[in-house]
Amino acid sequence: MPGWIPRWNRLPRWGKILYAVAGVAVFVAAGVYGVPALQKPDTCRDGIEKVGGECIGVDGTGYDFGTPEISAVAEAISAENKRIANQPHVTVAMMLPLQSDMAALRRQMRSDLQGAYLGQRQANSGEGQVPKIRLVLANPGLNYGHQDKVVGTLLDMAESDEDKLRAVTGFNLTLDATEEAVRRLTANGVPVLASRISGDGIANVDGQKQRFPGLARIIPTNGNAAQALANFNGERGKRNARTVLVHDTRPDAYDESLARAFRGIKETGPAGPADMPYESPGISEAGSTGSQFEQIANNICGSAADTVYFAGRTLHLRIFALTLAKQTCADRHFTLVSGSDAASLRQTMSEKDWAQLRGEDGGAKVTVQYAAPAHPAAWDTELAAWTKRWKAAHHREPTAAELPQYLTEPKAALNALKDLIKSTSAAGTDLGSTPDLEDSRTMLVHDGLVTIGTALHEVQGNDAGQSPSLADVRQEWSKLQSVHRVRGTSGLICLTSGGNPYDKPVAVVELNPGQGVRGTLKFVGLGWPAGKEQPKNCVIPSGTS
């Protein structure tokens, strides 16, 4: 499928007649008035429309949408599609913006698609397990600006006996346009799995009528992540910390959701300063935020606050952290806490930025802490700490059966992913770069495809002779718990009746400037939204869903 052309047979018979009459009228008018006959839309390639310089559409044959950073991984996906073409398969779409003028964003796209490819390979690896996944890339344009065109294409593919689209995943930004895309897809019965959007507004509320029937998520919402951070830190107020909220007032679903979540954290210590707002021009535009942050940082220095909750996007978080680090109150240390969008922060930091965050003693002037959806050091670190506590209490090594599933199973899944990365490289498959798991993108998107694959295989087990229907997949989400839990590299995935991941942990990480030229992301620990680890076998407690 190099691209897609609207299908005539979607129209009812009377619609076809009206369409034909209208077409004749247009051609007659063109002849009378000398207007050129219906012109073909400008295209980037067959089936991919060129709209304002962007290449909008759906492709599964290796097209890179004009972004060279994703060329190799797009070709790898195409090769896997060809490999399984003669086996029973269905289509899954990976929908996210695939073009950008910013090099850092293009690298992030590559990380997302590397995760998609590796997840596709993992889902397709079982001998005799069908259906296989044919993966297509869907580019809705900058900030999902042309999502309506792409969603229309995907709805047609869901009806097509040839394409058999059975799920849409991707969705890397919490925006109004993203929400509209998810709403339209789910309203038309197409299952959606959100692997990387954390806004509370694009989620079903357990126990209530579903706003997005057929939506599943594998990442905690901003509200859950903020609660997990509060639980991890033991409620900062108890340590007499004073907090202040700095938030973007530009309409942005992610920022608004994060600000609400931070306001909802119960503070038991002394009151901090009032909220300090700023306004940015856009997600990836600085505008006057630098000068606004200078004033805000000055005011924070003049207060007793030592912990800043930051509800804003990665670009503005970076500017604010650097601004706060160079203030005259340099003898004070600040902790800057933010949400999942900050997972991209390390990629945007220059050597000069790291030096600015670093004090003369090599320590951080400002510690940037956030709830990452995952971190590759989490399971080894946490399992070592758990084992140490166990040995101190029991004076012996724990048996394999005594080790906690919530740590051992994700650790095994991560090891399997690392092995797959090595074998992919050994086979000569080029993914554009060696996948970097530290920013969590590759891990989360991989887990999303594995979750979809699990749902498809569970349903197919009921009738091996027929492809799963859209309804089959929608209804399967809530069954992926307990015995049917998904062992993700980011943690155990156990979905509630609303399609939400029950007590999915967040990796609490900090930017560590270190002593070298470039800093690292330091894994600090796991935060649990429910305040404690997932139960044995990830059985969801009564009253949750």
# chains A, B, ... in the order shown; residues from 1 in each chain; ligands from 1

call {"tool": "select_by_dssp", "arguments": {"residues": "segment 179-239 of chain A", "states": "alpha helix (DSSP H)", "output": "PyMOL selection string"}}
result
chain A and resi 179-187+222-232

call {"tool": "residues_around", "arguments": {"residues": "Glu458 of chain A", "least_positions_apart": "2", "cutoff": "10 Å", "atoms": "only C-alpha atoms", "output": "PyMOL selection string"}}
result
chain A and resi 129-130+452-456+460-463+468+472-473+476+479-480+484

call {"tool": "write_last_selection", "arguments": {"atoms": "N, CA, C and O atoms", "output": "compact mmCIF listing (two decimals), in the first residue's frame"}}
result
# COMPACT_ATOMS: atom_id res chain seq x y z
N GLN A 129 1.96 -18.11 15.75
CA GLN A 129 1.07 -17.10 16.34
C GLN A 129 0.57 -16.17 15.24
O GLN A 129 1.36 -15.52 14.56
N VAL A 130 -0.73 -16.11 15.07
CA VAL A 130 -1.33 -15.23 14.09
C VAL A 130 -2.50 -14.51 14.74
O VAL A 130 -3.04 -14.97 15.76
N ILE A 452 -0.66 -4.61 21.74
CA ILE A 452 -1.60 -4.85 20.63
C ILE A 452 -1.45 -6.28 20.12
O ILE A 452 -2.45 -6.98 19.88
N GLY A 453 -0.21 -6.73 19.97
CA GLY A 453 0.02 -8.09 19.52
C GLY A 453 -0.58 -9.12 20.47
O GLY A 453 -1.17 -10.12 20.05
N THR A 454 -0.44 -8.87 21.78
CA THR A 454 -1.02 -9.77 22.77
C THR A 454 -2.53 -9.84 22.63
O THR A 454 -3.13 -10.92 22.65
N ALA A 455 -3.16 -8.67 22.47
CA ALA A 455 -4.62 -8.64 22.30
C ALA A 455 -5.04 -9.40 21.05
O ALA A 455 -6.00 -10.19 21.08
N LEU A 456 -4.35 -9.19 19.95
CA LEU A 456 -4.68 -9.87 18.68
C LEU A 456 -4.54 -11.39 18.83
O LEU A 456 -5.39 -12.15 18.35
N GLN A 460 -7.42 -14.15 18.57
CA GLN A 460 -7.29 -15.11 17.48
C GLN A 460 -7.35 -16.55 18.00
O GLN A 460 -7.79 -17.45 17.30
N GLY A 461 -6.94 -16.72 19.25
CA GLY A 461 -6.98 -18.06 19.83
C GLY A 461 -8.38 -18.63 19.87
O GLY A 461 -8.57 -19.85 19.94
N ASN A 462 -9.40 -17.76 19.81
CA ASN A 462 -10.78 -18.23 19.84
C ASN A 462 -11.25 -18.76 18.48
O ASN A 462 -12.17 -19.56 18.40
N ASP A 463 -10.62 -18.25 17.41
CA ASP A 463 -11.03 -18.67 16.06
C ASP A 463 -9.84 -18.44 15.12
O ASP A 463 -9.68 -17.35 14.57
N PRO A 468 -9.40 -11.23 13.62
CA PRO A 468 -10.14 -10.57 14.69
C PRO A 468 -10.89 -9.36 14.15
O PRO A 468 -10.41 -8.66 13.25
N ASP A 472 -13.67 -7.29 18.56
CA ASP A 472 -12.87 -8.26 19.30
C ASP A 472 -11.71 -7.57 20.02
O ASP A 472 -11.44 -7.84 21.20
N VAL A 473 -11.01 -6.71 19.30
CA VAL A 473 -9.83 -6.04 19.87
C VAL A 473 -10.26 -5.05 20.95
O VAL A 473 -9.65 -5.00 22.03
N GLU A 476 -11.03 -6.76 24.11
CA GLU A 476 -9.92 -7.51 24.70
C GLU A 476 -9.09 -6.66 25.67
O GLU A 476 -8.46 -7.20 26.58
N LYS A 479 -9.31 -7.29 29.34
CA LYS A 479 -8.98 -8.66 29.76
C LYS A 479 -7.46 -8.84 29.94
O LYS A 479 -7.02 -9.89 30.43
N LEU A 480 -6.71 -7.84 29.54
CA LEU A 480 -5.25 -7.92 29.66
C LEU A 480 -4.82 -7.54 31.08
O LEU A 480 -4.29 -6.46 31.34
N HIS A 484 -3.43 -12.73 32.09
CA HIS A 484 -3.17 -12.21 30.74
C HIS A 484 -2.47 -10.85 30.77
O HIS A 484 -2.53 -10.11 29.79

call {"tool": "select_by_dssp", "arguments": {"residues": "segment 181-244 of chain A", "states": "strand (DSSP E or B)", "output": "NGL selection string"}}
result
:A and (192-194 or 215-217 or 243-244)

call {"tool": "atom_distance", "arguments": {"atom1": "atom CA of Val90 of chain A", "atom2": "atom CA of Lys209 of chain A"}}
result
29.1 Å

call {"tool": "closest_atom_pairs", "arguments": {"of": "segment 58-161 of chain A", "to": "segment 279-289 of chain A", "cutoff": "10 Å", "atoms": "only C-alpha atoms", "output": "Markdown table"}}
result
| residue | atom | partner | partner_atom | distance |
| --- | --- | --- | --- | --- |
| A:Met102 | CA | A:Ser284 | CA | 8.9 |
| A:Leu105 | CA | A:Ser284 | CA | 9.6 |
| A:Asn143 | CA | A:Ile283 | CA | 8.9 |

call {"tool": "residues_around", "arguments": {"residues": "Leu470 of chain A", "least_positions_apart": "6", "cutoff": "8 Å", "atoms": "only C-alpha atoms", "output": "PyMOL selection string"}}
result
chain A and resi 158+166-167+189-191

call {"tool": "closest_residue", "arguments": {"among": "A:Lys266, A:Arg487, A:Lys82, A:Lys326", "to": "Ala412 of chain A", "atoms": "only C-alpha atoms"}}
result
A:Arg487

call {"tool": "residues_around", "arguments": {"residues": "segment 419-433 of chain A", "least_positions_apart": "4", "cutoff": "7 Å", "atoms": "only C-alpha atoms", "output": "ChimeraX atom specification"}}
result
/A:69-70,72-73,76,114,415

call {"tool": "write_last_selection", "arguments": {"atoms": "all heavy atoms", "output": "PDB file, in the first residue's frame"}}
result
ATOM      1  N   GLU A  69      16.249  11.092   8.795  1.00  0.00           N
ATOM      2  CA  GLU A  69      16.570  10.382  10.038  1.00  0.00           C
ATOM      3  C   GLU A  69      15.763   9.099  10.203  1.00  0.00           C
ATOM      4  O   GLU A  69      16.200   8.180  10.900  1.00  0.00           O
ATOM      5  CB  GLU A  69      16.327  11.290  11.249  1.00  0.00           C
ATOM      6  CG  GLU A  69      17.391  12.345  11.487  1.00  0.00           C
ATOM      7  CD  GLU A  69      17.162  13.597  10.664  1.00  0.00           C
ATOM      8  OE1 GLU A  69      16.303  13.583   9.755  1.00  0.00           O
ATOM      9  OE2 GLU A  69      17.843  14.601  10.927  1.00  0.00           O
ATOM     10  N   ILE A  70      14.581   9.022   9.584  1.00  0.00           N
ATOM     11  CA  ILE A  70      13.753   7.820   9.756  1.00  0.00           C
ATOM     12  C   ILE A  70      13.774   6.910   8.525  1.00  0.00           C
ATOM     13  O   ILE A  70      13.057   5.909   8.486  1.00  0.00           O
ATOM     14  CB  ILE A  70      12.290   8.186  10.108  1.00  0.00           C
ATOM     15  CG1 ILE A  70      11.585   8.854   8.918  1.00  0.00           C
ATOM     16  CG2 ILE A  70      12.236   9.077  11.343  1.00  0.00           C
ATOM     17  CD1 ILE A  70      10.072   9.036   9.135  1.00  0.00           C
ATOM     18  N   ALA A  72      15.984   4.737   7.331  1.00  0.00           N
ATOM     19  CA  ALA A  72      16.421   3.355   7.542  1.00  0.00           C
ATOM     20  C   ALA A  72      15.370   2.551   8.300  1.00  0.00           C
ATOM     21  O   ALA A  72      15.062   1.412   7.922  1.00  0.00           O
ATOM     22  CB  ALA A  72      17.751   3.340   8.294  1.00  0.00           C
ATOM     23  N   VAL A  73      14.813   3.114   9.364  1.00  0.00           N
ATOM     24  CA  VAL A  73      13.840   2.351  10.155  1.00  0.00           C
ATOM     25  C   VAL A  73      12.534   2.176   9.388  1.00  0.00           C
ATOM     26  O   VAL A  73      11.868   1.138   9.514  1.00  0.00           O
ATOM     27  CB  VAL A  73      13.614   2.998  11.540  1.00  0.00           C
ATOM     28  CG1 VAL A  73      12.905   4.332  11.433  1.00  0.00           C
ATOM     29  CG2 VAL A  73      12.842   2.050  12.458  1.00  0.00           C
ATOM     30  N   ALA A  76      13.144  -0.751   7.293  1.00  0.00           N
ATOM     31  CA  ALA A  76      13.113  -1.980   8.093  1.00  0.00           C
ATOM     32  C   ALA A  76      11.676  -2.428   8.342  1.00  0.00           C
ATOM     33  O   ALA A  76      11.366  -3.628   8.280  1.00  0.00           O
ATOM     34  CB  ALA A  76      13.846  -1.749   9.418  1.00  0.00           C
ATOM     35  N   GLN A 114      11.823   3.260  15.942  1.00  0.00           N
ATOM     36  CA  GLN A 114      12.633   2.098  16.322  1.00  0.00           C
ATOM     37  C   GLN A 114      11.865   1.217  17.306  1.00  0.00           C
ATOM     38  O   GLN A 114      11.867  -0.007  17.192  1.00  0.00           O
ATOM     39  CB  GLN A 114      13.961   2.564  16.939  1.00  0.00           C
ATOM     40  CG  GLN A 114      14.929   3.142  15.927  1.00  0.00           C
ATOM     41  CD  GLN A 114      16.142   3.794  16.584  1.00  0.00           C
ATOM     42  OE1 GLN A 114      16.117   4.138  17.771  1.00  0.00           O
ATOM     43  NE2 GLN A 114      17.210   3.986  15.817  1.00  0.00           N
ATOM     44  N   ASN A 415      15.452  -7.330  29.043  1.00  0.00           N
ATOM     45  CA  ASN A 415      16.578  -8.136  28.542  1.00  0.00           C
ATOM     46  C   ASN A 415      16.272  -8.708  27.166  1.00  0.00           C
ATOM     47  O   ASN A 415      17.148  -8.771  26.293  1.00  0.00           O
ATOM     48  CB  ASN A 415      16.892  -9.268  29.522  1.00  0.00           C
ATOM     49  CG  ASN A 415      17.534  -8.769  30.807  1.00  0.00           C
ATOM     50  OD1 ASN A 415      18.078  -7.661  30.848  1.00  0.00           O
ATOM     51  ND2 ASN A 415      17.475  -9.576  31.864  1.00  0.00           N
TER      52      ASN A 415
END

call {"tool": "closest_atom_pairs", "arguments": {"of": "segment 416-441 of chain A", "to": "segment 373-379 of chain A", "cutoff": "8 Å", "atoms": "only C-alpha atoms", "output": "JSON lines"}}
result
{"residue": "A:Leu437", "atom": "CA", "partner": "A:Pro376", "partner_atom": "CA", "distance": 6.2}
{"residue": "A:Glu438", "atom": "CA", "partner": "A:His375", "partner_atom": "CA", "distance": 5.8}
{"residue": "A:Asp439", "atom": "CA", "partner": "A:His375", "partner_atom": "CA", "distance": 7.0}
{"residue": "A:Ser440", "atom": "CA", "partner": "A:Ala374", "partner_atom": "CA", "distance": 5.2}

call {"tool": "residues_around", "arguments": {"residues": "Ser482 of chain A", "least_positions_apart": "2", "cutoff": "12 Å", "atoms": "only C-alpha atoms", "output": "MDAnalysis selection string"}}
result
chainID A and resid 405:406 478:480 484:487 492:496 502 534:541

call {"tool": "closest_atom_pairs", "arguments": {"of": "segment 350-404 of chain A", "to": "segment 220-233 of chain A", "cutoff": "9 Å", "atoms": "only C-alpha atoms", "output": "JSON lines"}}
result
{"residue": "A:Tyr370", "atom": "CA", "partner": "A:Leu229", "partner_atom": "CA", "distance": 7.9}
{"residue": "A:Ala371", "atom": "CA", "partner": "A:Ala225", "partner_atom": "CA", "distance": 6.2}
{"residue": "A:Ala372", "atom": "CA", "partner": "A:Ala225", "partner_atom": "CA", "distance": 8.6}
{"residue": "A:Pro373", "atom": "CA", "partner": "A:Pro220", "partner_atom": "CA", "distance": 7.5}

call {"tool": "write_last_selection", "arguments": {"atoms": "N, CA, C and O atoms", "output": "short mmCIF file (atom, residue, chain, number, x, y, z; two decimals), in the first residue's frame"}}
result
data_model
loop_
_atom_site.label_atom_id
_atom_site.label_comp_id
_atom_site.auth_asym_id
_atom_site.auth_seq_id
_atom_site.Cartn_x
_atom_site.Cartn_y
_atom_site.Cartn_z
N TYR A 370 11.86 14.41 37.25
CA TYR A 370 10.56 14.19 36.61
C TYR A 370 10.19 12.72 36.62
O TYR A 370 11.02 11.85 36.89
N ALA A 371 8.92 12.50 36.35
CA ALA A 371 8.40 11.14 36.30
C ALA A 371 8.48 10.64 34.87
O ALA A 371 7.65 10.98 34.04
N ALA A 372 9.50 9.85 34.58
CA ALA A 372 9.65 9.28 33.24
C ALA A 372 8.77 8.04 33.13
O ALA A 372 8.57 7.31 34.11
N PRO A 373 8.24 7.76 31.95
CA PRO A 373 7.43 6.55 31.78
C PRO A 373 8.23 5.27 31.98
O PRO A 373 7.65 4.23 32.29
#

call {"tool": "residues_around", "arguments": {"residues": "Leu449 of chain A", "least_positions_apart": "5", "cutoff": "12 Å", "atoms": "only C-alpha atoms", "output": "JSON, numbers by chain"}}
result
{"A": [91, 92, 93, 94, 112, 113, 114, 115, 116, 117, 118, 119, 120, 121, 122, 123, 124, 132, 133, 134, 135, 167, 168, 169, 170, 192, 193, 194, 195, 217, 218, 442, 443, 444, 454, 455, 456, 486, 488, 489]}

call {"tool": "atom_distance", "arguments": {"atom1": "atom CA of Ala74 of chain A", "atom2": "atom CA of Asp436 of chain A"}}
result
17.3 Å

call {"tool": "atom_distance", "arguments": {"atom1": "atom CA of Arg106 of chain A", "atom2": "atom CA of Thr67 of chain A"}}
result
7.3 Å

call {"tool": "closest_atom_pairs", "arguments": {"of": "segment 140-219 of chain A", "to": "segment 42-55 of chain A", "cutoff": "12 Å", "atoms": "only C-alpha atoms", "output": "tab-separated table"}}
result
residue	atom	partner	partner_atom	distance
A:Pro140	CA	A:Cys55	CA	8.6
A:Gly141	CA	A:Glu54	CA	6.4
A:Leu142	CA	A:Glu54	CA	8.1
A:Asn143	CA	A:Glu54	CA	11.7
A:Tyr144	CA	A:Glu54	CA	11.4
A:Gly145	CA	A:Glu54	CA	10.3
A:His146	CA	A:Val51	CA	8.7
A:Lys149	CA	A:Glu49	CA	9.6
A:Val150	CA	A:Ile48	CA	10.1
A:Thr153	CA	A:Gly47	CA	10.3

call {"tool": "decode", "arguments": {"residues": "segment 63-76 of chain A", "atoms": "all heavy atoms", "output": "PDB file, in the first residue's frame"}}
result
ATOM      1  N   TYR A  63       8.406   4.610   2.895  1.00  0.00           N
ATOM      2  CA  TYR A  63       8.517   6.048   2.642  1.00  0.00           C
ATOM      3  C   TYR A  63       8.873   6.774   3.936  1.00  0.00           C
ATOM      4  O   TYR A  63       8.330   6.471   5.003  1.00  0.00           O
ATOM      5  CB  TYR A  63       7.197   6.574   2.077  1.00  0.00           C
ATOM      6  CG  TYR A  63       7.211   8.053   1.771  1.00  0.00           C
ATOM      7  CD1 TYR A  63       8.195   8.601   0.950  1.00  0.00           C
ATOM      8  CD2 TYR A  63       6.242   8.904   2.293  1.00  0.00           C
ATOM      9  CE1 TYR A  63       8.210   9.956   0.658  1.00  0.00           C
ATOM     10  CE2 TYR A  63       6.243  10.249   2.008  1.00  0.00           C
ATOM     11  CZ  TYR A  63       7.230  10.778   1.191  1.00  0.00           C
ATOM     12  OH  TYR A  63       7.243  12.122   0.929  1.00  0.00           O
ATOM     13  N   ASP A  64       9.785   7.760   3.838  1.00  0.00           N
ATOM     14  CA  ASP A  64      10.269   8.454   5.040  1.00  0.00           C
ATOM     15  C   ASP A  64       9.660   9.841   5.226  1.00  0.00           C
ATOM     16  O   ASP A  64      10.081  10.589   6.117  1.00  0.00           O
ATOM     17  CB  ASP A  64      11.790   8.558   5.034  1.00  0.00           C
ATOM     18  CG  ASP A  64      12.334   9.416   3.880  1.00  0.00           C
ATOM     19  OD1 ASP A  64      11.526  10.070   3.163  1.00  0.00           O
ATOM     20  OD2 ASP A  64      13.564   9.437   3.688  1.00  0.00           O
ATOM     21  N   PHE A  65       8.682  10.210   4.408  1.00  0.00           N
ATOM     22  CA  PHE A  65       7.975  11.483   4.540  1.00  0.00           C
ATOM     23  C   PHE A  65       8.932  12.683   4.487  1.00  0.00           C
ATOM     24  O   PHE A  65       8.666  13.735   5.080  1.00  0.00           O
ATOM     25  CB  PHE A  65       7.139  11.524   5.822  1.00  0.00           C
ATOM     26  CG  PHE A  65       6.007  10.535   5.829  1.00  0.00           C
ATOM     27  CD1 PHE A  65       6.208   9.237   6.274  1.00  0.00           C
ATOM     28  CD2 PHE A  65       4.742  10.885   5.359  1.00  0.00           C
ATOM     29  CE1 PHE A  65       5.182   8.307   6.260  1.00  0.00           C
ATOM     30  CE2 PHE A  65       3.702   9.960   5.337  1.00  0.00           C
ATOM     31  CZ  PHE A  65       3.929   8.664   5.787  1.00  0.00           C
ATOM     32  N   GLY A  66      10.054  12.507   3.806  1.00  0.00           N
ATOM     33  CA  GLY A  66      11.002  13.610   3.663  1.00  0.00           C
ATOM     34  C   GLY A  66      11.888  13.826   4.876  1.00  0.00           C
ATOM     35  O   GLY A  66      12.558  14.854   4.987  1.00  0.00           O
ATOM     36  N   THR A  67      11.916  12.856   5.795  1.00  0.00           N
ATOM     37  CA  THR A  67      12.739  12.960   7.002  1.00  0.00           C
ATOM     38  C   THR A  67      13.838  11.900   6.941  1.00  0.00           C
ATOM     39  O   THR A  67      13.588  10.728   7.231  1.00  0.00           O
ATOM     40  CB  THR A  67      11.870  12.756   8.259  1.00  0.00           C
ATOM     41  OG1 THR A  67      10.836  13.740   8.284  1.00  0.00           O
ATOM     42  CG2 THR A  67      12.714  12.883   9.528  1.00  0.00           C
ATOM     43  N   PRO A  68      15.058  12.288   6.554  1.00  0.00           N
ATOM     44  CA  PRO A  68      16.114  11.280   6.358  1.00  0.00           C
ATOM     45  C   PRO A  68      16.460  10.499   7.620  1.00  0.00           C
ATOM     46  O   PRO A  68      16.911   9.361   7.534  1.00  0.00           O
ATOM     47  CB  PRO A  68      17.315  12.110   5.866  1.00  0.00           C
ATOM     48  CG  PRO A  68      16.988  13.531   6.157  1.00  0.00           C
ATOM     49  CD  PRO A  68      15.503  13.645   6.182  1.00  0.00           C
ATOM     50  N   GLU A  69      16.249  11.092   8.795  1.00  0.00           N
ATOM     51  CA  GLU A  69      16.570  10.382  10.038  1.00  0.00           C
ATOM     52  C   GLU A  69      15.763   9.099  10.203  1.00  0.00           C
ATOM     53  O   GLU A  69      16.200   8.180  10.900  1.00  0.00           O
ATOM     54  CB  GLU A  69      16.327  11.290  11.249  1.00  0.00           C
ATOM     55  CG  GLU A  69      17.391  12.345  11.487  1.00  0.00           C
ATOM     56  CD  GLU A  69      17.162  13.597  10.664  1.00  0.00           C
ATOM     57  OE1 GLU A  69      16.303  13.583   9.755  1.00  0.00           O
ATOM     58  OE2 GLU A  69      17.843  14.601  10.927  1.00  0.00           O
ATOM     59  N   ILE A  70      14.581   9.022   9.584  1.00  0.00           N
ATOM     60  CA  ILE A  70      13.753   7.820   9.756  1.00  0.00           C
ATOM     61  C   ILE A  70      13.774   6.910   8.525  1.00  0.00           C
ATOM     62  O   ILE A  70      13.057   5.909   8.486  1.00  0.00           O
ATOM     63  CB  ILE A  70      12.290   8.186  10.108  1.00  0.00           C
ATOM     64  CG1 ILE A  70      11.585   8.854   8.918  1.00  0.00           C
ATOM     65  CG2 ILE A  70      12.236   9.077  11.343  1.00  0.00           C
ATOM     66  CD1 ILE A  70      10.072   9.036   9.135  1.00  0.00           C
ATOM     67  N   SER A  71      14.611   7.238   7.546  1.00  0.00           N
ATOM     68  CA  SER A  71      14.627   6.452   6.301  1.00  0.00           C
ATOM     69  C   SER A  71      14.941   4.984   6.559  1.00  0.00           C
ATOM     70  O   SER A  71      14.250   4.080   6.064  1.00  0.00           O
ATOM     71  CB  SER A  71      15.657   7.033   5.322  1.00  0.00           C
ATOM     72  OG  SER A  71      15.301   8.339   4.925  1.00  0.00           O
ATOM     73  N   ALA A  72      15.984   4.737   7.331  1.00  0.00           N
ATOM     74  CA  ALA A  72      16.421   3.355   7.542  1.00  0.00           C
ATOM     75  C   ALA A  72      15.370   2.551   8.300  1.00  0.00           C
ATOM     76  O   ALA A  72      15.062   1.412   7.922  1.00  0.00           O
ATOM     77  CB  ALA A  72      17.751   3.340   8.294  1.00  0.00           C
ATOM     78  N   VAL A  73      14.813   3.114   9.364  1.00  0.00           N
ATOM     79  CA  VAL A  73      13.840   2.351  10.155  1.00  0.00           C
ATOM     80  C   VAL A  73      12.534   2.176   9.388  1.00  0.00           C
ATOM     81  O   VAL A  73      11.868   1.138   9.514  1.00  0.00           O
ATOM     82  CB  VAL A  73      13.614   2.998  11.540  1.00  0.00           C
ATOM     83  CG1 VAL A  73      12.905   4.332  11.433  1.00  0.00           C
ATOM     84  CG2 VAL A  73      12.842   2.050  12.458  1.00  0.00           C
ATOM     85  N   ALA A  74      12.170   3.143   8.541  1.00  0.00           N
ATOM     86  CA  ALA A  74      10.985   2.975   7.688  1.00  0.00           C
ATOM     87  C   ALA A  74      11.187   1.816   6.715  1.00  0.00           C
ATOM     88  O   ALA A  74      10.259   1.036   6.449  1.00  0.00           O
ATOM     89  CB  ALA A  74      10.682   4.267   6.940  1.00  0.00           C
ATOM     90  N   GLU A  75      12.401   1.695   6.188  1.00  0.00           N
ATOM     91  CA  GLU A  75      12.716   0.575   5.293  1.00  0.00           C
ATOM     92  C   GLU A  75      12.679  -0.754   6.048  1.00  0.00           C
ATOM     93  O   GLU A  75      12.236  -1.776   5.516  1.00  0.00           O
ATOM     94  CB  GLU A  75      14.097   0.781   4.663  1.00  0.00           C
ATOM     95  CG  GLU A  75      14.121   1.805   3.538  1.00  0.00           C
ATOM     96  CD  GLU A  75      13.368   1.334   2.307  1.00  0.00           C
ATOM     97  OE1 GLU A  75      13.060   0.127   2.198  1.00  0.00           O
ATOM     98  OE2 GLU A  75      13.072   2.174   1.443  1.00  0.00           O
ATOM     99  N   ALA A  76      13.144  -0.751   7.293  1.00  0.00           N
ATOM    100  CA  ALA A  76      13.113  -1.980   8.093  1.00  0.00           C
ATOM    101  C   ALA A  76      11.676  -2.428   8.342  1.00  0.00           C
ATOM    102  O   ALA A  76      11.366  -3.628   8.280  1.00  0.00           O
ATOM    103  CB  ALA A  76      13.846  -1.749   9.418  1.00  0.00           C
TER     104      ALA A  76
END
